[in-house]
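Student: Supplied in structure tokens, the structure appears directly below.
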Amino acid sequence: MNKARKEIALERMKILIENALSNAKSNPELSQKQALHAKKISTHYRIQMPYEFRMMFCKKCKSFIAPSVNSRTRIGRSSLKSIRTTCNFCSYTYRKVIAQ
Ligand SMILES: [Zn+2]
């Protein structure tokens, strides 16, 4: 596929996620729609979503979880440094280990 088209798609995806983030509190429904749209773009153009965006989707219920709005983030206090994110929709918690 054409590289320019891919870049445009990635740019659209970024804009949608940014909008979804800013609407998360004021308009949750619109926010979910925008995030879903971003996901569709990634499937349609076969572009992998950047990691920081993928982290904003619950692994279980697939909802868009805006940090501190639809999810809770805790830093683990054990010897292994990790971030725990809890989805406010389905309460699923997943852990991300931070590289030392
Ligand atoms: Zn969830």
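Ordered as shown in the structure tokens, chains take letters A, B, and onward, while each chain numbers its residues from 1 and ligands are numbered from 1 in the order shown.
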Skip A:Asn88 itself and residues of its chain fewer than 5 positions away, then list as an NGL selection string all residues within 9 Å of it, counting only C-alpha atoms.
Tutor: :A and (65 or 69-72)
Student: Go ahead and save the picked residues with C-alpha atoms, as a tab-separated table (two decimals), in the first residue's frame.
Tutor:
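Okay, this is what ended up in out-v3.tsv:
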```
chain	number	residue	atom	x	y	z
A	65	ILE	CA	-10.79	3.74	28.59
A	69	VAL	CA	-11.69	9.09	33.37
A	70	ASN	CA	-12.74	5.54	32.53
A	71	SER	CA	-9.88	3.75	34.17
A	72	ARG	CA	-7.84	3.80	37.30
```
Student: Name the residues, by chain letter and number, that sit within 12 Å of ligand 1 using only C-alpha atoms and all ligand atoms, and give them as number ranges by chain.
Tutor: A: 55-66, 70-72, 85-94
Student: If you keep N, CA, C and O atoms, can you produce a file of those selected residues as an mmCIF file, in the first residue's frame?
Tutor:
```cif
data_model
loop_
_atom_site.group_PDB
_atom_site.id
_atom_site.type_symbol
_atom_site.label_atom_id
_atom_site.label_comp_id
_atom_site.auth_asym_id
_atom_site.auth_seq_id
_atom_site.Cartn_x
_atom_site.Cartn_y
_atom_site.Cartn_z
ATOM 1 N N MET A 55 -3.084 0.879 24.614
ATOM 2 C CA MET A 55 -3.233 0.824 26.066
ATOM 3 C C MET A 55 -4.556 1.439 26.528
ATOM 4 O O MET A 55 -4.982 1.244 27.645
ATOM 5 N N MET A 56 -5.182 2.223 25.671
ATOM 6 C CA MET A 56 -6.411 2.907 26.042
ATOM 7 C C MET A 56 -7.659 2.109 25.709
ATOM 8 O O MET A 56 -8.766 2.619 25.803
ATOM 9 N N PHE A 57 -7.456 0.865 25.295
ATOM 10 C CA PHE A 57 -8.604 -0.003 25.055
ATOM 11 C C PHE A 57 -8.543 -1.162 26.032
ATOM 12 O O PHE A 57 -7.491 -1.803 26.174
ATOM 13 N N CYS A 58 -9.654 -1.410 26.704
ATOM 14 C CA CYS A 58 -9.695 -2.510 27.662
ATOM 15 C C CYS A 58 -9.467 -3.818 26.911
ATOM 16 O O CYS A 58 -10.043 -4.048 25.859
ATOM 17 N N LYS A 59 -8.618 -4.658 27.485
ATOM 18 C CA LYS A 59 -8.310 -5.927 26.839
ATOM 19 C C LYS A 59 -9.490 -6.887 26.916
ATOM 20 O O LYS A 59 -9.585 -7.829 26.156
ATOM 21 N N LYS A 60 -10.365 -6.642 27.874
ATOM 22 C CA LYS A 60 -11.479 -7.576 28.043
ATOM 23 C C LYS A 60 -12.757 -7.131 27.321
ATOM 24 O O LYS A 60 -13.259 -7.837 26.480
ATOM 25 N N CYS A 61 -13.264 -5.936 27.689
ATOM 26 C CA CYS A 61 -14.536 -5.522 27.099
ATOM 27 C C CYS A 61 -14.348 -4.634 25.870
ATOM 28 O O CYS A 61 -15.325 -4.247 25.246
ATOM 29 N N LYS A 62 -13.098 -4.337 25.525
ATOM 30 C CA LYS A 62 -12.743 -3.569 24.327
ATOM 31 C C LYS A 62 -13.224 -2.117 24.348
ATOM 32 O O LYS A 62 -13.190 -1.441 23.330
ATOM 33 N N SER A 63 -13.678 -1.656 25.485
ATOM 34 C CA SER A 63 -14.110 -0.275 25.569
ATOM 35 C C SER A 63 -12.908 0.654 25.528
ATOM 36 O O SER A 63 -11.797 0.264 25.875
ATOM 37 N N PHE A 64 -13.193 1.867 25.134
ATOM 38 C CA PHE A 64 -12.156 2.882 25.168
ATOM 39 C C PHE A 64 -12.076 3.373 26.614
ATOM 40 O O PHE A 64 -13.085 3.768 27.193
ATOM 41 N N ILE A 65 -10.916 3.290 27.209
ATOM 42 C CA ILE A 65 -10.795 3.739 28.589
ATOM 43 C C ILE A 65 -9.795 4.874 28.664
ATOM 44 O O ILE A 65 -8.594 4.679 28.611
ATOM 45 N N ALA A 66 -10.344 6.077 28.773
ATOM 46 C CA ALA A 66 -9.502 7.257 28.881
ATOM 47 C C ALA A 66 -8.828 7.246 30.246
ATOM 48 O O ALA A 66 -9.501 7.061 31.257
ATOM 49 N N ASN A 70 -12.073 6.839 32.564
ATOM 50 C CA ASN A 70 -12.744 5.545 32.528
ATOM 51 C C ASN A 70 -11.884 4.418 33.094
ATOM 52 O O ASN A 70 -12.243 3.258 33.044
ATOM 53 N N SER A 71 -10.740 4.787 33.608
ATOM 54 C CA SER A 71 -9.878 3.754 34.167
ATOM 55 C C SER A 71 -9.097 4.312 35.343
ATOM 56 O O SER A 71 -8.939 5.521 35.480
ATOM 57 N N ARG A 72 -8.671 3.407 36.187
ATOM 58 C CA ARG A 72 -7.838 3.802 37.304
ATOM 59 C C ARG A 72 -6.453 3.248 37.079
ATOM 60 O O ARG A 72 -6.286 2.096 36.687
ATOM 61 N N THR A 85 -3.757 -1.037 35.511
ATOM 62 C CA THR A 85 -4.865 -0.252 34.991
ATOM 63 C C THR A 85 -6.154 -1.032 35.189
ATOM 64 O O THR A 85 -6.229 -2.202 34.840
ATOM 65 N N THR A 86 -7.148 -0.388 35.786
ATOM 66 C CA THR A 86 -8.440 -1.031 35.993
ATOM 67 C C THR A 86 -9.482 -0.341 35.139
ATOM 68 O O THR A 86 -9.633 0.878 35.191
ATOM 69 N N CYS A 87 -10.191 -1.137 34.360
ATOM 70 C CA CYS A 87 -11.257 -0.634 33.505
ATOM 71 C C CYS A 87 -12.489 -0.345 34.358
ATOM 72 O O CYS A 87 -12.907 -1.187 35.146
ATOM 73 N N ASN A 88 -13.065 0.825 34.209
ATOM 74 C CA ASN A 88 -14.244 1.180 35.000
ATOM 75 C C ASN A 88 -15.526 0.549 34.466
ATOM 76 O O ASN A 88 -16.547 0.569 35.124
ATOM 77 N N PHE A 89 -15.475 -0.015 33.279
ATOM 78 C CA PHE A 89 -16.676 -0.619 32.711
ATOM 79 C C PHE A 89 -16.842 -2.061 33.176
ATOM 80 O O PHE A 89 -17.922 -2.469 33.565
ATOM 81 N N CYS A 90 -15.770 -2.835 33.132
ATOM 82 C CA CYS A 90 -15.901 -4.258 33.470
ATOM 83 C C CYS A 90 -15.023 -4.655 34.656
ATOM 84 O O CYS A 90 -14.984 -5.818 35.030
ATOM 85 N N SER A 91 -14.306 -3.686 35.238
ATOM 86 C CA SER A 91 -13.427 -3.921 36.399
ATOM 87 C C SER A 91 -12.234 -4.817 36.134
ATOM 88 O O SER A 91 -11.582 -5.277 37.062
ATOM 89 N N TYR A 92 -11.973 -5.079 34.890
ATOM 90 C CA TYR A 92 -10.827 -5.912 34.559
ATOM 91 C C TYR A 92 -9.530 -5.130 34.809
ATOM 92 O O TYR A 92 -9.430 -3.961 34.460
ATOM 93 N N THR A 93 -8.587 -5.779 35.467
ATOM 94 C CA THR A 93 -7.315 -5.121 35.755
ATOM 95 C C THR A 93 -6.203 -5.775 34.964
ATOM 96 O O THR A 93 -6.104 -6.988 34.913
ATOM 97 N N TYR A 94 -5.411 -4.971 34.326
ATOM 98 C CA TYR A 94 -4.246 -5.549 33.668
ATOM 99 C C TYR A 94 -3.006 -4.772 34.053
ATOM 100 O O TYR A 94 -3.060 -3.633 34.473
#
```
Student: How many Å lie between atom CA of A:Ala9 and atom CA of A:Ile41, rounded to one decimal?
Tutor: 6.8 Å
Student: Residues within 8 Å of stretch 43-49 of chain A, please, as number ranges by chain. Count only C-alpha atoms; anything in the same chain fewer than 4 positions from it doesn't count.
Tutor: A: 6, 9-10, 39, 53-54
Student: Could you dump the residues just selected with N, CA and C atoms as a PDB file, in the first residue's frame?
Tutor:
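Below is the file that was written, out_39.pdb:
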```pdb
ATOM      1  N   LYS A   6      -1.091   5.641   4.111  1.00  0.00           N
ATOM      2  CA  LYS A   6      -0.922   5.049   5.427  1.00  0.00           C
ATOM      3  C   LYS A   6      -0.672   6.134   6.469  1.00  0.00           C
ATOM      4  N   ALA A   9      -3.857   7.975   7.197  1.00  0.00           N
ATOM      5  CA  ALA A   9      -4.711   7.155   8.057  1.00  0.00           C
ATOM      6  C   ALA A   9      -4.234   7.209   9.510  1.00  0.00           C
ATOM      7  N   LEU A  10      -2.937   7.159   9.682  1.00  0.00           N
ATOM      8  CA  LEU A  10      -2.368   7.218  11.029  1.00  0.00           C
ATOM      9  C   LEU A  10      -2.660   8.570  11.678  1.00  0.00           C
ATOM     10  N   LYS A  39     -10.163   2.666  15.760  1.00  0.00           N
ATOM     11  CA  LYS A  39      -9.866   1.241  15.716  1.00  0.00           C
ATOM     12  C   LYS A  39     -10.190   0.667  14.341  1.00  0.00           C
ATOM     13  N   PHE A  53      -1.857   4.093  22.224  1.00  0.00           N
ATOM     14  CA  PHE A  53      -3.287   4.091  21.929  1.00  0.00           C
ATOM     15  C   PHE A  53      -3.901   2.748  22.311  1.00  0.00           C
ATOM     16  N   ARG A  54      -3.168   1.695  22.026  1.00  0.00           N
ATOM     17  CA  ARG A  54      -3.690   0.359  22.335  1.00  0.00           C
ATOM     18  C   ARG A  54      -3.926   0.191  23.836  1.00  0.00           C
TER      19      ARG A  54
END
```
Student: Extract the full set of alpha helix (DSSP H) residues from chain A according to DSSP on the backbone, and format it as number ranges by chain.
Tutor: A: 3-23, 28-44, 51-54
Student: Could you tell me which of A:Pro67, A:Ala38, A:Ile98, A:Asn27 comes closest to A:Ser82 if we count only C-alpha atoms?
Tutor: A:Ile98
Student: Can you tell me how far atom CA of A:Asn2 sits from atom CA of A:Ala20, in Å to one decimal?
Tutor: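 These two atoms are separated by 27.2 Å.
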Student: What does the distance between atom CA of A:Ala35 and atom CA of A:Glu11 come to in Å, to one decimal place?
Tutor: 13.6 Å
Student: Any chance you could list, as a list of chain:residue names, the residues in chain A that come up strand (DSSP E or B) when DSSP is run on the backbone?
Tutor: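 Selecting the strand (DSSP E or B) positions of chain A gives A:Phe57, A:Phe64, A:Pro67, A:Ser71, A:Arg72, A:Thr73, A:Arg74, A:Ile75, A:Ser82, A:Ile83, A:Arg84, A:Thr85, A:Thr86, A:Cys87, A:Thr93, A:Tyr94, A:Arg95, A:Lys96, A:Val97.
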